[in-house]
Structure formats: structure tokens, C-alpha cells
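Just final-v3.csv here, CSV, C-alpha atoms:
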```csv
chain,number,residue,atom,x,y,z
A,117,MET,CA,67.9,122.0,134.3
A,118,LYS,CA,67.5,122.3,130.5
A,119,THR,CA,65.5,119.6,128.6
A,120,VAL,CA,67.0,118.8,125.3
A,121,LEU,CA,65.3,116.7,122.6
A,122,VAL,CA,67.5,114.8,120.2
A,123,THR,CA,65.8,113.3,117.1
A,124,GLY,CA,67.8,110.6,115.4
A,125,ALA,CA,69.2,109.9,118.8
A,126,PHE,CA,70.3,106.3,118.0
A,127,GLY,CA,72.2,107.1,114.8
A,128,PHE,CA,75.9,107.9,114.4
A,129,ILE,CA,75.9,111.6,115.3
A,130,GLY,CA,73.0,111.2,117.7
A,131,ARG,CA,74.7,108.5,119.9
A,132,ASN,CA,77.8,110.7,120.2
A,133,LEU,CA,75.7,113.8,121.1
A,134,VAL,CA,73.5,111.9,123.6
A,135,ALA,CA,76.6,110.4,125.3
A,136,THR,CA,78.1,113.9,125.8
A,137,LEU,CA,74.8,115.6,126.9
A,138,SER,CA,74.1,112.8,129.3
A,139,SER,CA,77.3,113.4,131.2
A,140,ARG,CA,76.1,116.9,132.2
A,141,GLU,CA,74.1,117.4,135.4
A,142,ASP,CA,72.3,120.4,134.0
A,143,ILE,CA,70.8,118.6,131.0
A,144,GLU,CA,67.8,116.2,130.7
A,145,VAL,CA,68.0,114.3,127.4
A,146,LEU,CA,64.9,113.2,125.5
A,147,LYS,CA,65.7,110.6,122.8
A,148,ILE,CA,63.6,110.0,119.7
A,149,GLY,CA,64.5,107.4,117.1
A,150,SER,CA,62.9,105.8,114.1
A,151,LYS,CA,60.9,103.3,116.2
A,152,HIS,CA,59.1,106.1,118.2
A,153,SER,CA,55.6,107.2,117.2
A,154,LEU,CA,54.5,110.7,116.4
A,155,ASN,CA,52.7,110.8,119.7
A,156,GLU,CA,56.0,110.1,121.5
A,157,LEU,CA,57.7,112.8,119.4
A,158,GLU,CA,55.0,115.3,120.3
A,159,GLU,CA,55.3,114.5,124.0
A,160,CYS,CA,59.0,115.2,123.9
A,161,ALA,CA,58.7,118.3,121.7
A,162,ILE,CA,56.3,119.8,124.3
A,163,LYS,CA,58.8,119.3,127.1
A,164,ALA,CA,61.9,120.4,125.2
A,165,ASP,CA,63.7,123.7,125.7
A,166,PHE,CA,66.1,123.0,122.8
A,167,ILE,CA,66.0,120.6,119.9
A,168,PHE,CA,68.8,118.9,118.0
A,169,HIS,CA,67.1,117.6,114.9
A,170,LEU,CA,69.4,114.9,113.5
A,171,ALA,CA,66.9,112.5,112.1
A,172,GLY,CA,67.1,111.8,108.4
A,173,ILE,CA,67.7,109.3,105.7
A,174,ASN,CA,70.9,108.8,103.8
A,175,ARG,CA,70.6,105.6,101.8
A,176,PRO,CA,66.9,104.6,101.4
A,177,GLU,CA,65.6,101.7,99.4
A,178,ASN,CA,63.4,104.0,97.4
A,179,ILE,CA,64.3,107.5,96.1
A,180,GLU,CA,61.0,108.8,97.4
A,181,ASP,CA,62.0,108.1,100.9
A,182,PHE,CA,64.5,111.0,100.8
A,183,ALA,CA,61.6,113.4,100.8
A,184,SER,CA,59.6,111.6,103.5
A,185,GLY,CA,62.6,110.9,105.7
A,186,ASN,CA,64.2,114.3,105.5
A,187,LEU,CA,61.6,116.9,104.5
A,188,GLY,CA,58.5,115.0,105.7
A,189,TYR,CA,59.7,114.3,109.1
A,190,THR,CA,61.0,117.8,109.6
A,191,GLU,CA,57.5,119.1,108.6
A,192,GLN,CA,55.9,116.8,111.2
A,193,LEU,CA,58.2,118.1,113.9
A,194,ILE,CA,57.5,121.8,113.0
A,195,GLU,CA,53.7,121.1,112.9
A,196,LEU,CA,53.8,119.6,116.3
A,197,LEU,CA,55.7,122.6,117.7
A,198,ASN,CA,53.2,125.0,116.1
A,199,LYS,CA,50.2,123.0,117.3
A,200,ASN,CA,51.4,123.3,120.9
A,201,ASN,CA,52.5,127.0,120.5
A,202,LYS,CA,56.1,126.0,121.2
A,203,LYS,CA,58.9,128.4,120.3
A,204,THR,CA,61.9,126.2,120.6
A,205,PRO,CA,65.4,126.8,119.2
A,206,ILE,CA,66.5,124.1,116.8
A,207,VAL,CA,69.8,122.8,115.5
A,208,LEU,CA,69.4,121.1,112.2
A,209,SER,CA,72.0,118.6,111.0
A,210,SER,CA,72.1,119.1,107.2
A,211,SER,CA,74.6,118.2,104.5
A,212,ILE,CA,76.8,119.9,101.9
A,213,GLN,CA,74.7,117.8,99.5
A,214,ALA,CA,72.0,120.4,100.0
A,215,GLU,CA,73.8,122.6,97.5
A,216,ARG,CA,73.4,119.9,94.8
A,217,ASN,CA,70.5,119.1,92.6
A,218,ASN,CA,69.9,115.4,93.5
A,219,PRO,CA,67.1,113.8,95.5
A,220,TYR,CA,69.0,113.7,98.8
A,221,GLY,CA,70.3,117.3,98.4
A,222,LEU,CA,66.9,118.6,97.4
A,223,SER,CA,65.3,117.0,100.5
A,224,LYS,CA,67.9,118.4,102.8
A,225,PHE,CA,67.6,121.9,101.3
A,226,ALA,CA,63.8,121.8,101.7
A,227,ALA,CA,64.2,120.7,105.3
A,228,GLU,CA,66.6,123.6,105.9
A,229,LYS,CA,64.0,126.1,104.5
A,230,LYS,CA,61.3,124.6,106.7
A,231,VAL,CA,63.4,125.0,109.9
A,232,SER,CA,64.5,128.6,108.9
A,233,TYR,CA,60.9,129.6,108.2
A,234,TYR,CA,59.7,128.2,111.5
A,235,GLY,CA,62.4,130.2,113.4
A,236,SER,CA,61.6,133.5,111.6
A,237,LEU,CA,57.8,132.9,112.1
A,238,VAL,CA,57.9,132.3,115.9
A,239,GLY,CA,61.0,134.5,116.6
A,240,VAL,CA,63.5,131.9,117.8
A,241,ASN,CA,67.0,131.0,116.7
A,242,THR,CA,67.5,128.1,114.4
A,243,TYR,CA,70.9,126.8,113.4
A,244,ILE,CA,71.7,124.9,110.3
A,245,PHE,CA,74.9,122.9,109.9
A,246,ARG,CA,75.8,121.8,106.4
A,247,LEU,CA,78.2,119.0,107.2
A,248,PRO,CA,80.6,117.2,104.9
A,249,ASN,CA,81.5,113.5,105.6
A,250,VAL,CA,81.7,113.0,109.3
A,251,PHE,CA,83.9,110.2,110.8
A,252,GLY,CA,84.5,108.8,114.2
A,253,LYS,CA,83.3,106.0,116.5
A,254,TRP,CA,79.9,104.4,116.1
A,255,SER,CA,79.6,105.4,112.4
A,256,LYS,CA,77.8,102.7,110.4
A,257,PRO,CA,79.9,100.9,107.8
A,258,ASN,CA,78.5,100.9,104.2
A,259,TYR,CA,76.2,103.7,105.3
A,260,ASN,CA,77.6,106.8,106.9
A,261,SER,CA,81.1,107.3,105.4
A,262,VAL,CA,84.0,105.8,103.5
A,263,VAL,CA,86.1,106.0,106.7
A,264,ALA,CA,83.7,103.8,108.6
A,265,THR,CA,83.5,101.3,105.7
A,266,TRP,CA,87.3,101.1,105.2
A,267,CYS,CA,88.1,100.9,108.9
A,268,TYR,CA,85.6,98.1,109.3
A,269,ASN,CA,86.8,96.2,106.2
A,270,ILE,CA,90.5,96.6,106.6
A,271,SER,CA,90.4,95.6,110.3
A,272,ARG,CA,88.7,92.3,109.1
A,273,ASN,CA,90.8,91.7,106.0
A,274,ILE,CA,87.8,92.5,103.7
A,275,PRO,CA,88.8,94.0,100.4
A,276,ILE,CA,88.0,97.7,99.8
A,277,GLN,CA,87.2,99.4,96.5
A,278,ILE,CA,89.0,102.6,95.4
A,279,ASN,CA,88.3,104.0,92.0
A,280,ASP,CA,90.3,107.2,92.1
A,281,PRO,CA,93.2,107.3,94.6
A,282,ASP,CA,93.7,111.0,93.8
A,283,LEU,CA,90.2,112.0,94.6
A,284,GLU,CA,90.2,114.5,97.5
A,285,ILE,CA,87.5,114.4,100.1
A,286,SER,CA,86.6,116.6,103.0
A,287,LEU,CA,86.1,115.1,106.5
A,288,VAL,CA,85.0,116.5,109.9
A,289,TYR,CA,85.6,114.6,113.1
A,290,ILE,CA,82.6,113.7,115.3
A,291,ASP,CA,84.0,115.2,118.5
A,292,ASP,CA,84.4,118.6,116.7
A,293,VAL,CA,80.8,118.3,115.4
A,294,ILE,CA,79.4,117.6,118.9
A,295,GLU,CA,81.5,120.5,120.4
A,296,SER,CA,80.1,122.9,117.8
A,297,PHE,CA,76.5,121.7,118.4
A,298,ILE,CA,76.8,122.2,122.2
A,299,ASN,CA,78.5,125.5,121.8
A,300,VAL,CA,75.5,126.7,119.8
A,301,MET,CA,73.2,125.5,122.5
A,302,ASP,CA,75.2,127.0,125.4
A,303,LYS,CA,76.3,130.2,123.9
A,304,CYS,CA,73.8,130.9,121.0
A,305,GLU,CA,76.7,131.4,118.7
A,306,MET,CA,76.4,133.8,115.8
A,307,LYS,CA,75.0,132.6,112.4
A,308,ASN,CA,74.8,134.2,109.1
A,309,GLU,CA,71.7,135.8,107.6
A,310,ASN,CA,70.6,132.5,106.1
A,311,ASN,CA,70.7,130.7,109.5
A,312,TYR,CA,73.7,128.7,108.5
A,313,THR,CA,76.3,128.0,111.2
A,314,ASP,CA,79.9,127.5,110.3
A,315,SER,CA,80.8,123.8,110.3
A,316,PRO,CA,83.7,122.5,112.3
A,317,ARG,CA,87.2,122.4,110.9
A,318,ALA,CA,87.5,120.1,107.9
A,319,PHE,CA,90.3,117.8,107.0
A,320,LYS,CA,91.1,117.2,103.3
A,321,ILE,CA,92.7,114.0,102.2
A,322,LYS,CA,93.1,111.9,99.0
A,323,LEU,CA,91.4,108.5,99.0
A,324,GLY,CA,94.8,106.9,98.3
A,325,GLU,CA,96.3,108.5,101.4
A,326,LEU,CA,93.4,107.5,103.5
A,327,GLU,CA,93.8,103.9,102.4
A,328,THR,CA,97.5,104.0,103.2
A,329,SER,CA,96.9,105.4,106.7
A,330,ILE,CA,94.3,102.9,107.7
A,331,LYS,CA,96.4,100.0,106.3
A,332,ASN,CA,99.4,101.3,108.3
A,333,PHE,CA,97.3,101.2,111.5
A,334,LYS,CA,96.5,97.5,110.8
A,335,GLY,CA,100.1,96.7,109.9
A,336,SER,CA,101.4,98.3,113.1
A,337,ARG,CA,100.6,95.1,115.1
A,338,ASP,CA,103.1,93.2,113.0
A,339,THR,CA,105.8,95.9,112.6
A,340,LEU,CA,105.1,97.6,116.0
A,341,VAL,CA,105.6,100.9,114.2
A,342,ILE,CA,102.9,103.3,115.1
A,343,SER,CA,102.1,106.1,112.6
A,344,ASP,CA,103.1,109.7,113.3
A,345,LEU,CA,100.2,110.9,115.4
A,346,GLU,CA,101.4,114.5,115.6
A,347,SER,CA,98.5,115.8,113.5
A,348,ASP,CA,95.0,115.9,114.9
A,349,PHE,CA,93.6,114.2,111.8
A,350,GLU,CA,95.9,111.2,112.1
A,351,ARG,CA,95.1,110.9,115.9
A,352,PHE,CA,91.4,111.1,115.2
A,353,LEU,CA,91.7,108.6,112.4
A,354,TYR,CA,93.7,106.1,114.5
A,355,SER,CA,91.1,106.3,117.3
A,356,THR,CA,88.4,105.8,114.8
A,357,TYR,CA,90.1,102.7,113.3
A,358,LEU,CA,90.5,101.1,116.7
A,359,SER,CA,86.8,101.5,117.4
A,360,TYR,CA,86.1,99.1,114.5
A,361,LEU,CA,88.3,96.3,115.7
A,362,PRO,CA,86.3,93.0,116.2
A,363,GLU,CA,85.5,92.5,119.8
A,364,ASP,CA,87.4,89.2,119.8
A,365,ASP,CA,90.5,90.9,118.4
A,366,PHE,CA,91.4,93.7,120.8
A,367,GLY,CA,94.6,91.9,121.9
A,368,TYR,CA,97.8,90.8,120.1
A,369,ASP,CA,100.9,89.0,121.2
A,370,LEU,CA,104.5,90.4,121.3
A,371,GLU,CA,107.6,88.4,120.4
A,372,MET,CA,109.5,87.5,123.6
A,373,LYS,CA,113.2,86.9,123.0
A,374,HIS,CA,114.3,84.4,125.8
A,375,ASP,CA,117.8,83.7,126.9
A,376,ASN,CA,119.7,82.8,130.1
A,377,ARG,CA,119.2,86.3,131.4
A,378,GLY,CA,115.4,86.3,131.2
A,379,TRP,CA,113.5,87.8,128.2
A,380,LEU,CA,113.1,91.0,126.3
A,381,ALA,CA,110.2,92.2,124.0
A,382,GLU,CA,109.7,95.2,121.8
A,383,PHE,CA,106.4,97.0,122.5
A,384,ILE,CA,106.0,100.2,120.5
A,385,LYS,CA,108.1,101.7,117.7
A,386,THR,CA,107.8,105.1,116.0
A,387,LYS,CA,109.7,106.6,113.1
A,388,HIS,CA,110.3,109.9,114.8
A,389,SER,CA,110.2,109.2,118.6
A,390,GLY,CA,112.1,106.0,119.0
A,391,GLN,CA,110.8,102.8,120.6
A,392,VAL,CA,109.7,101.2,123.9
A,393,PHE,CA,110.6,97.7,125.0
A,394,ILE,CA,110.4,95.7,128.2
A,395,SER,CA,112.6,93.0,129.9
A,396,ARG,CA,112.5,90.5,132.7
A,397,THR,CA,116.0,89.9,134.3
A,398,LYS,CA,116.8,87.1,136.7
A,399,PRO,CA,118.6,87.8,140.0
A,400,GLY,CA,122.3,88.4,139.7
A,401,ILE,CA,122.1,89.0,135.9
A,402,THR,CA,123.5,92.1,134.2
A,403,ARG,CA,122.2,93.6,131.0
A,404,GLY,CA,124.0,96.2,128.9
A,405,ASN,CA,127.7,96.8,129.2
A,406,HIS,CA,127.7,98.9,126.0
A,407,TRP,CA,127.7,102.5,124.9
A,408,HIS,CA,126.4,104.7,122.1
A,409,HIS,CA,127.7,107.6,120.1
A,410,THR,CA,124.3,109.3,119.6
A,411,LYS,CA,121.5,107.0,120.8
A,412,VAL,CA,120.1,107.8,124.2
A,413,GLU,CA,117.8,105.8,126.4
A,414,LYS,CA,115.7,105.9,129.5
A,415,PHE,CA,115.4,103.0,132.0
A,416,LEU,CA,112.5,102.5,134.4
A,417,VAL,CA,112.4,99.6,136.8
A,418,ILE,CA,108.8,98.8,137.7
A,419,GLU,CA,109.4,95.6,139.7
A,420,GLY,CA,112.4,94.3,141.7
A,421,LYS,CA,115.7,95.8,142.8
A,422,ALA,CA,118.6,96.8,140.6
A,423,VAL,CA,121.5,99.1,140.1
A,424,VAL,CA,122.3,101.1,137.0
A,425,ARG,CA,126.0,101.7,136.5
A,426,PHE,CA,127.8,104.2,134.3
A,427,ARG,CA,131.4,104.9,133.3
A,428,GLN,CA,132.9,107.4,130.8
A,429,ILE,CA,134.4,105.2,128.1
A,430,GLU,CA,137.8,106.8,128.7
A,431,GLY,CA,137.5,107.1,132.4
A,432,ASP,CA,137.8,104.9,135.5
A,433,GLN,CA,135.1,106.3,137.8
A,434,ILE,CA,131.9,104.2,138.1
A,435,ILE,CA,128.7,105.9,138.9
A,436,GLU,CA,125.9,103.9,140.5
A,437,TYR,CA,122.1,104.6,140.6
A,438,PRO,CA,120.2,102.1,142.8
A,439,VAL,CA,116.5,101.7,141.7
A,440,ILE,CA,113.5,99.7,143.0
A,441,GLY,CA,110.1,99.0,141.6
A,442,GLU,CA,108.4,100.4,144.7
A,443,SER,CA,109.8,103.9,144.0
A,444,LEU,CA,109.6,104.7,140.3
A,445,ARG,CA,112.7,106.6,139.1
A,446,VAL,CA,113.7,107.2,135.5
A,447,ILE,CA,117.4,106.9,134.7
A,448,ASP,CA,118.6,108.8,131.6
A,449,ILE,CA,121.4,107.1,129.6
A,450,PRO,CA,123.6,109.8,128.0
A,451,PRO,CA,125.8,109.0,124.9
A,452,GLY,CA,129.5,108.4,125.6
A,453,TYR,CA,128.9,106.4,128.8
A,454,THR,CA,129.1,102.7,128.9
A,455,HIS,CA,126.2,101.4,131.1
A,456,SER,CA,124.6,98.4,132.6
A,457,ILE,CA,121.7,97.3,134.8
A,458,THR,CA,122.2,94.5,137.3
A,459,ASN,CA,119.5,92.7,139.2
A,460,THR,CA,120.7,93.0,142.9
A,461,GLY,CA,117.6,91.5,144.4
A,462,VAL,CA,116.2,88.0,145.0
A,463,THR,CA,113.3,88.3,142.6
A,464,ASP,CA,113.1,89.1,138.9
A,465,VAL,CA,113.5,92.7,137.7
A,466,ILE,CA,111.0,94.1,135.2
A,467,THR,CA,112.3,97.1,133.3
A,468,LEU,CA,110.8,99.5,130.8
A,469,PHE,CA,113.2,100.9,128.2
A,470,TRP,CA,112.9,103.8,125.8
A,471,ALA,CA,115.3,104.6,123.0
A,472,ASN,CA,115.2,107.7,121.0
A,473,GLU,CA,115.6,105.9,117.7
A,474,LEU,CA,114.6,102.6,116.1
A,475,PHE,CA,117.2,99.8,116.2
A,476,ASN,CA,119.0,99.7,112.9
A,477,PRO,CA,121.0,96.4,112.5
A,478,GLU,CA,123.1,98.0,109.7
A,479,LYS,CA,124.0,100.9,112.0
A,480,PRO,CA,123.3,99.8,115.6
A,481,ASP,CA,125.4,102.5,117.3
A,482,THR,CA,126.0,100.0,120.1
A,483,TYR,CA,129.5,99.1,121.2
A,484,TYR,CA,130.4,96.5,123.8
A,485,LEU,CA,132.4,97.7,126.8
A,486,GLU,CA,132.2,96.5,130.3
A,487,VAL,CA,131.4,99.2,132.9
```
Let me see whether you can do it: turn the structure in this file into C-alpha cells.
Amino acid sequence: MKTVLVTGAFGFIGRNLVATLSSREDIEVLKIGSKHSLNELEECAIKADFIFHLAGINRPENIEDFASGNLGYTEQLIELLNKNNKKTPIVLSSSIQAERNNPYGLSKFAAEKKVSYYGSLVGVNTYIFRLPNVFGKWSKPNYNSVVATWCYNISRNIPIQINDPDLEISLVYIDDVIESFINVMDKCEMKNENNYTDSPRAFKIKLGELETSIKNFKGSRDTLVISDLESDFERFLYSTYLSYLPEDDFGYDLEMKHDNRGWLAEFIKTKHSGQVFISRTKPGITRGNHWHHTKVEKFLVIEGKAVVRFRQIEGDQIIEYPVIGESLRVIDIPPGYTHSITNTGVTDVITLFWANELFNPEKPDTYYLEV
């Protein structure tokens, strides 16, 4: 069992790190936050086999607090370790701002030097991560990153401010950060001669593009068109956006088109992978009786009893595929076959449909022909 101390445990990065470490049976996590005393910090430092030093100040009320919150607190931690003859490896969460001549950057740079000197003095590994903007769940709006602020505001219809849409920023995802941190702890990964550890992969995006992506996420509830999530960044950003939804706004209604057959509702649309919809069909009712040149579909009955019928548009032979909700079976609908689905049971049939393209009323590629 390894005992791991996390300072800044209740901040954005700290919460994510603690959640991951706590899921492991070989780790005991000691959590220190801003409300803990130096005595409590010392007690944890004495017990710790490894330290993630994440505590720091990003946006203080007074400029002087940069030095006390970043350098000062780091000095106190090192003093407590030296006082108790502790030789404990440390991961320090720093910032790319440490390369800049501003109060925040200078305080981070000084904290880096303090940690590096401690490691060389007592002969233990120390690891410094100079991170760019980090985004992901639990980041604090108007504090940690522009992603957090914009996801929070846009999800609540609060205006955002963008001065230069062409400004490119560098972002790293919280899960990548946590994975890198834990890899260092588990494997003692290599670092360079200055104790700096390579940061996780970074994603570069212009502010205007970031705004567009987040607004598209919000708009997808109305259009049902989900953004292309093929890239890791877009998937990470979408997950982040959803984490900022108001707790009373997780759900949204779908438009149900009712007629004498039952109802049908579109569920999800994508520009490149088609769409999904669902229907309820009454007993004895048939849907379909049409064919497509290029469009293909999949049918999946999840409740009830039905039969899917096919016929080549120039042929006479009818092909039947019985389906029931108790035994899930997907039926592919090839082009060139007129097809239908009939409820052959005594209860309503619920069917999921997937089509490989969005419905285009100007070019529907749908031609009526009874099976």
C-alpha cells in the first residue's frame, strides 16, 4: 500500500486526481486543501510515500498572494519535509506562465526551483509539469480556463466575450494530465536535466472555433445534429460541455409525429454517420413499402412482434424476416429492395431505425412501392 498526499486536493486538477487514485486498492490518499492547517499538512507529509503538490493560486485578490500562495506554500511543504527528515518524491503542477515575467509566472518559477533544489539536496526524484490551459469536468468557471467559462455560460444562455476570434490557444485535457501524473508515480518516467517532465499532448484551437464548437453542442438539442466526434479533442470538449449543464436541465423532449399508425420520433442526427429514430406501431399496421437507390437502413425491434418483408423492385419473390423484442436481431435494408415492417402481434411494436444519411426533403431517395 502506497500513501499518496495530494495538496490542492479539492481544486479542479486535485478532484480529478483524487477520484482516480481513490479507485485503486493499492493507494491510500491523503487530501489537503486550503482549509487545512500546517499541522495537518505536516501530519500528512510525514505519512506520505509520494506527493502531488497541486496547491496554488491563480486569481488572487492581491498580487502579493501569488508569492505566498505559490512559492510560500511550497516553501512550507519543503520545510516540513526537511524538518522530519523525509525524502519524498514530488510532482509539482506548474504552468507555462513560469516562462513569463509576470507575478504569477515568477511565483511558479520560484516554486519550481524550490522543489528541484529539495530533490537534489535529499536525493529523490522531483517532477515538474509546466501545463498550458487544462480543461475538463469540475473546472471552475471564471477561474480555471476559458473552456470552463464558455461551457458554463453558453449552456445557460449567458453572453460570452471574445476579443480576437483568430487567437490560437493551447489546451490539454484533464484525463491526459492525470494519466501523465500517475505514470510518473508508477513508473518514475524520465525527465530532463532540469527536472521538467513532458506535458501531455496539447490541442491547439482558435477562440472562434472553440466558440463555434460549444455553441453547436448546445444547438444539437434543437437540430438533433451531433457534432463530428471523430477527433479526441472534439469528444473531450463535448464531454466537458455536458458536465456544465444545469442540474435541472439534463433532459430534453423529442418531437413525436403521431398518426393512425402510432408515432415516430427522430433521436440523433450526424452529418457523416446518418441518423437514428424510433417508432411505435400499432397491431396490424405496416410501415414502409418504399425503396431507396443509395440510402441504407437498419431495423431493430426492441418490443413486440413484427415481420420485415423485402422484394426486389423488379422481382416477385417476397423475403420475410420475423423479429421479436425478446430476441434482438438487426435487419439490414439494402438499396434496390422495397421493404416494409408489419406489426404481427397483439401489442404495440417499438422499433429503432438507423439510416446512413440525413433525410433530405429535396432529395429524399425514397420511392413508394408495395412489397
- Message: If we count all atoms listed in the file and set the cut-off at 7 Å, which residues sit around Leu468 of chain A, ignoring sequence neighbours fewer than 3 positions away in its own chain? Please answer as a ChimeraX atom specification.
- Response: /A:393-395,415-417
- One decimal, Å: what's the distance from atom CA of Asn472 of chain A over to atom CA of Ser456 of chain A, could you say?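 Going from atom CA of Asn472 of chain A over to atom CA of Ser456 of chain A covers 17.6 Å.
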- Nearest-residue call for Pro281 of chain A, choices A:Val120, A:Leu323, A:Ile294, A:Leu444, using all atoms listed in the file: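 Using all atoms listed in the file, the shortest distance to Pro281 of chain A belongs to A:Leu323.
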- Message: Show me, as a list in words, the residues that have an atom within 8 Å of segment 139-152 of chain A when counting only C-alpha atoms, minus same-chain residues fewer than 2 positions from it.
- Response: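 Answer for this query is Met117, Lys118, Thr119, Val120, Leu121, Val122, Thr123, Gly124, Ala125, Phe126, Val134, Ala135, Thr136, Leu137, Leu154, Glu156, Leu157, Cys160, Ala164 and Ala171 of chain A.
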- Item | Spatial neighbours of Thr204 of chain A, max dist 12 Å, all atoms listed in the file, sep filter under 2 positions, as a ChimeraX atom specification | /A:119-121,160-169,193-194,196-198,200-202,206-207,231,234-243,301
Based on the selection just made, write C-alpha atoms of those residues as a JSON list (two decimals), keeping the file's coordinate frame.
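Done, and the output landed in part.json:
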```
[["chain", "number", "residue", "atom", "x", "y", "z"],
["A", 119, "THR", "CA", 65.50, 119.60, 128.60],
["A", 120, "VAL", "CA", 67.00, 118.80, 125.30],
["A", 121, "LEU", "CA", 65.30, 116.70, 122.60],
["A", 160, "CYS", "CA", 59.00, 115.20, 123.90],
["A", 161, "ALA", "CA", 58.70, 118.30, 121.70],
["A", 162, "ILE", "CA", 56.30, 119.80, 124.30],
["A", 163, "LYS", "CA", 58.80, 119.30, 127.10],
["A", 164, "ALA", "CA", 61.90, 120.40, 125.20],
["A", 165, "ASP", "CA", 63.70, 123.70, 125.70],
["A", 166, "PHE", "CA", 66.10, 123.00, 122.80],
["A", 167, "ILE", "CA", 66.00, 120.60, 119.90],
["A", 168, "PHE", "CA", 68.80, 118.90, 118.00],
["A", 169, "HIS", "CA", 67.10, 117.60, 114.90],
["A", 193, "LEU", "CA", 58.20, 118.10, 113.90],
["A", 194, "ILE", "CA", 57.50, 121.80, 113.00],
["A", 196, "LEU", "CA", 53.80, 119.60, 116.30],
["A", 197, "LEU", "CA", 55.70, 122.60, 117.70],
["A", 198, "ASN", "CA", 53.20, 125.00, 116.10],
["A", 200, "ASN", "CA", 51.40, 123.30, 120.90],
["A", 201, "ASN", "CA", 52.50, 127.00, 120.50],
["A", 202, "LYS", "CA", 56.10, 126.00, 121.20],
["A", 206, "ILE", "CA", 66.50, 124.10, 116.80],
["A", 207, "VAL", "CA", 69.80, 122.80, 115.50],
["A", 231, "VAL", "CA", 63.40, 125.00, 109.90],
["A", 234, "TYR", "CA", 59.70, 128.20, 111.50],
["A", 235, "GLY", "CA", 62.40, 130.20, 113.40],
["A", 236, "SER", "CA", 61.60, 133.50, 111.60],
["A", 237, "LEU", "CA", 57.80, 132.90, 112.10],
["A", 238, "VAL", "CA", 57.90, 132.30, 115.90],
["A", 239, "GLY", "CA", 61.00, 134.50, 116.60],
["A", 240, "VAL", "CA", 63.50, 131.90, 117.80],
["A", 241, "ASN", "CA", 67.00, 131.00, 116.70],
["A", 242, "THR", "CA", 67.50, 128.10, 114.40],
["A", 243, "TYR", "CA", 70.90, 126.80, 113.40],
["A", 301, "MET", "CA", 73.20, 125.50, 122.50]]
```
